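Novice: Pasting a structure here, questions to come.
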Amino acid sequence: MDLPHLLGARCSTQSRLEKLRQNGGTPECELAVSRSLEWLKSQQNPDGSWGRANKAAMTGLSLLCFLGRCETPESPFYGDNVRNGMLYLVELARKNPHGILSETPLVNAATYEHGIATYALGEMYSFYRLGKNSLPGLRDTFEQGVQTIIAHQNERGAWSYGGKLHAYDKDSRGEDLSVTGWQFQALKAAKHSGLKIAGLDEAIKHCCDYLETKQTKDGGFGKTNRDEHYNQWSLTGCGVLGLQTLAKNKATNVKKGIHFLREFLTAEPLDWERNCNLYCWYYYTQAFFQQGGDDWKFYNAQFLPQVLGAQQADGSFKHGRPNWPAGDAADAIYRQCLCTLQLEVYYRYLKVADRAEESVFER
């Protein structure tokens with residue numbers, strides 16, 4: 001299996017720098033990512049994981065950062081770090097009776113962790129045949145992770161928690177757009193991998209149907225009361241990205257979502273010291289990048305100086321001041337990963353409009 005076309009732009013310095021130039025990035029972005037990866041390398045735990053809490057999620061996010069610049073288990077600089085992170089997740093799945101990628105599989109946060117870690121393993125699987133060495137357990141752990149996600153999608157097309165055997169609850173009639181965001185990114189990685197996984201296409205379609213139900217009349221995704229937890233100011237980026245990368249013929253929905261965000265960010269521009277909601281920025285950045293054109297230029301002019309300006313001398317990113325508690329990234333590893341993934345957006349994936357196939361899922 002060759003490297004999927006949409007991943008190729010990240011795998012040579014020349015290609016990355018050209019994509020940076022084309023998409024409004026700067027050489028400083030590449031330097032910032034290099035410094036960030038060095039910092040992440042220094043923070044890896046002896047067992048291959050990252051973080052002190054939610055280690056499966058932190059490990060998954062860290063791996064995505066390395067893979068985002070094509071640092072695979074074959075990398076001369078980071079190969080051992082990437083391989084050891086993967087092996088930590090493989091072993092974690094083996095320890096848990098239901099293969100949940102979390103050290104605390106009954107806790108609600110395990111749904112986030114499992115989605116993030118599965119997403120990372122999926123990206124690694126798409127890269128692994130570039131190398132000469134085998135990666136034991138990778139495919140089985142990834143496929144099992146995806147099958148768990150598919151099996152626990154509820155009747156609304158979303159994912160929720162509160163299960164008795166582990167955190168997922170497929171019988172729940174509730175929904176959580178935030179949890180769903182990480183599940184659909186794992187499903188996206190599964191589709192990119194080329195593996196034939198039963199129920200994958202149906203799960204993707206059902207998820208898209210759910211995302212549409214979350215869009216409001218003014219284009220946002222989520223609750224229309226800003227004082228409520230899952231509101232459209234915080235989750236519209238997630239909803240837009242899902243439709244951009246999973247669905248077909250949803251340009252109108254996407255345009256309305258981008259319009260909502262653009263009006264919001266015109267009134268309240270991104271500011272590290274006033275509204276540093278990095279969880280939200282992570283999705284905004286991808287959604288605007290996928291949209292491209294003037295919308296991306298508008299957003300890029302806001303976000304890039306804020307993130308570059310927050311990097312410290314040791315390569316880490318300072319803690320910003322959020323105005324939405326759940327959007328905060330107080331944990332240093334989490335903050336590092338969200339910033340790094342945003343700085344890699346210029347070359348991590350092609351825009352949907354630039355891909356050779358009609359849809360990323362039409363192969």
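Ordering of the structure tokens sets the chain letters (A, B, ...); residue numbers start at 1 within each chain; ligands are numbered from 1 in the order shown.
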Could you write out, as a list in words, all the residues of stretch 198-229 of chain A that DSSP marks as helix (DSSP H, G or I)?

Specialist: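 Matching residues for helix (DSSP H, G or I) in stretch 198-229 of chain A are Leu200, Asp201, Glu202, Ala203, Ile204, Lys205, His206, Cys207, Cys208, Asp209, Tyr210, Leu211, Glu212 and Thr213 of chain A.
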
Novice: Could you produce a table of the residues of stretch 147-186 of chain A lying within 10 Å of stretch 237-241 of chain A, with the nearest pair of atoms per residue and their separation in Å rounded to one decimal, using only C-alpha atoms, ordered by chain and increasing residue number, as a tab-separated table?

Specialist:
```
residue	atom	partner	partner_atom	distance
A:Leu177	CA	A:Gly239	CA	7.7
A:Ser178	CA	A:Cys238	CA	7.5
A:Thr180	CA	A:Cys238	CA	9.0
A:Gly181	CA	A:Cys238	CA	6.1
A:Trp182	CA	A:Cys238	CA	9.2
A:Phe184	CA	A:Leu241	CA	9.8
A:Gln185	CA	A:Leu241	CA	9.5
```

Novice: From the options A:Arg21, A:Lys170, A:His114, A:Arg69, which residue's atoms come nearest to A:Lys55, counting only C-alpha atoms?

Specialist: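 Of all the options, A:His114 lies closest to A:Lys55.
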
Novice: List the neighbours of A:Phe303 out to 12 Å using only C-alpha atoms; skip same-chain residues closer than 5 positions along the sequence, and give me the result as a PyMOL selection string.

Specialist: chain A and resi 24-25+29+265+269-272+275-278+280-286+288-289+296-298+308-310+339+342-343+345

Novice: Please identify all polymer residues within 10 Å of A:Pro27, counting only C-alpha atoms, omitting same-chain residues fewer than 5 positions from it, and present them as a PyMOL selection string.

Specialist: chain A and resi 16-18+20-21+32

Novice: Hey, can you spit out that residue selection with all heavy atoms as an mmCIF file, in the first residue's frame?

Specialist:
```cif
data_model
loop_
_atom_site.group_PDB
_atom_site.id
_atom_site.type_symbol
_atom_site.label_atom_id
_atom_site.label_comp_id
_atom_site.auth_asym_id
_atom_site.auth_seq_id
_atom_site.Cartn_x
_atom_site.Cartn_y
_atom_site.Cartn_z
ATOM 1 N N ARG A 16 6.860 20.353 2.420
ATOM 2 C CA ARG A 16 6.269 21.081 3.539
ATOM 3 C C ARG A 16 6.440 22.582 3.383
ATOM 4 O O ARG A 16 5.491 23.354 3.575
ATOM 5 C CB ARG A 16 6.886 20.626 4.867
ATOM 6 C CG ARG A 16 6.423 19.277 5.336
ATOM 7 C CD ARG A 16 6.719 19.069 6.811
ATOM 8 N NE ARG A 16 8.130 19.226 7.125
ATOM 9 C CZ ARG A 16 9.039 18.263 7.048
ATOM 10 N NH1 ARG A 16 8.682 17.058 6.636
ATOM 11 N NH2 ARG A 16 10.292 18.479 7.381
ATOM 12 N N LEU A 17 7.639 22.993 3.036
ATOM 13 C CA LEU A 17 7.891 24.429 2.895
ATOM 14 C C LEU A 17 7.075 25.025 1.754
ATOM 15 O O LEU A 17 6.599 26.162 1.849
ATOM 16 C CB LEU A 17 9.378 24.689 2.675
ATOM 17 C CG LEU A 17 10.270 24.403 3.881
ATOM 18 C CD1 LEU A 17 11.755 24.596 3.512
ATOM 19 C CD2 LEU A 17 9.919 25.300 5.062
ATOM 20 N N GLU A 18 6.868 24.248 0.694
ATOM 21 C CA GLU A 18 6.055 24.736 -0.417
ATOM 22 C C GLU A 18 4.593 24.850 0.002
ATOM 23 O O GLU A 18 3.912 25.828 -0.335
ATOM 24 C CB GLU A 18 6.195 23.811 -1.627
ATOM 25 C CG GLU A 18 5.350 24.217 -2.842
ATOM 26 C CD GLU A 18 5.662 25.609 -3.378
ATOM 27 O OE1 GLU A 18 6.747 26.157 -3.084
ATOM 28 O OE2 GLU A 18 4.806 26.158 -4.111
ATOM 29 N N LEU A 20 3.551 25.304 3.054
ATOM 30 C CA LEU A 20 3.504 26.460 3.950
ATOM 31 C C LEU A 20 3.376 27.748 3.151
ATOM 32 O O LEU A 20 2.547 28.613 3.449
ATOM 33 C CB LEU A 20 4.765 26.506 4.816
ATOM 34 C CG LEU A 20 4.809 25.609 6.047
ATOM 35 C CD1 LEU A 20 6.213 25.556 6.621
ATOM 36 C CD2 LEU A 20 3.842 26.122 7.109
ATOM 37 N N ARG A 21 4.201 27.869 2.128
ATOM 38 C CA ARG A 21 4.169 29.082 1.312
ATOM 39 C C ARG A 21 2.825 29.244 0.620
ATOM 40 O O ARG A 21 2.225 30.326 0.648
ATOM 41 C CB ARG A 21 5.290 29.033 0.264
ATOM 42 C CG ARG A 21 5.443 30.316 -0.565
ATOM 43 C CD ARG A 21 6.318 30.083 -1.775
ATOM 44 N NE ARG A 21 5.731 29.165 -2.730
ATOM 45 C CZ ARG A 21 4.776 29.489 -3.593
ATOM 46 N NH1 ARG A 21 4.294 30.731 -3.624
ATOM 47 N NH2 ARG A 21 4.294 28.595 -4.430
ATOM 48 N N ALA A 32 9.009 26.422 14.603
ATOM 49 C CA ALA A 32 8.217 26.248 15.824
ATOM 50 C C ALA A 32 7.823 24.783 16.012
ATOM 51 O O ALA A 32 7.850 24.271 17.138
ATOM 52 C CB ALA A 32 6.968 27.128 15.769
#
```

Novice: Name the closest residue to A:Gln290 among the candidates A:Ala332, A:Leu92, A:Leu304, A:Ala251; distances are taken between atoms, counting only C-alpha atoms.

Specialist: A:Ala251

Novice: So, counting only C-alpha atoms, which residue among A:Asp328, A:Glu91, A:Glu123, A:Glu38 is closest to A:Ala190?

Specialist: A:Glu123

Novice: Leaving out stretch 159-161 of chain A and any residue of its chain fewer than 5 positions from it, which residues lie within 8 Å of it when counting only C-alpha atoms, given as a PyMOL selection string?

Specialist: chain A and resi 108+111+152-154+167-170+172+174-177+179-180+183

Novice: From the options A:Ala287, A:Ala203, A:Cys208, A:Ile197, which residue's atoms come nearest to A:Lys248, counting only C-alpha atoms?

Specialist: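 Ranked by minimum distance to A:Lys248, first place goes to A:Cys208.
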
Novice: Find the spatial neighbours of stretch 79-85 of chain A, counting only C-alpha atoms, within a cut-off of 12 Å - ignore same-chain residues fewer than 5 positions away - and output them as an MDAnalysis selection string.

Specialist: chainID A and resid 37:38 40:51 55:74 90:92 117 120:121 123:125 127:128 131 133:138

Novice: Could you check how far atom CA of A:Ile100 sits from atom CA of A:Gly327, in Å to one decimal?

Specialist: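 Rounded to one decimal, the two atoms are 24.9 Å apart.
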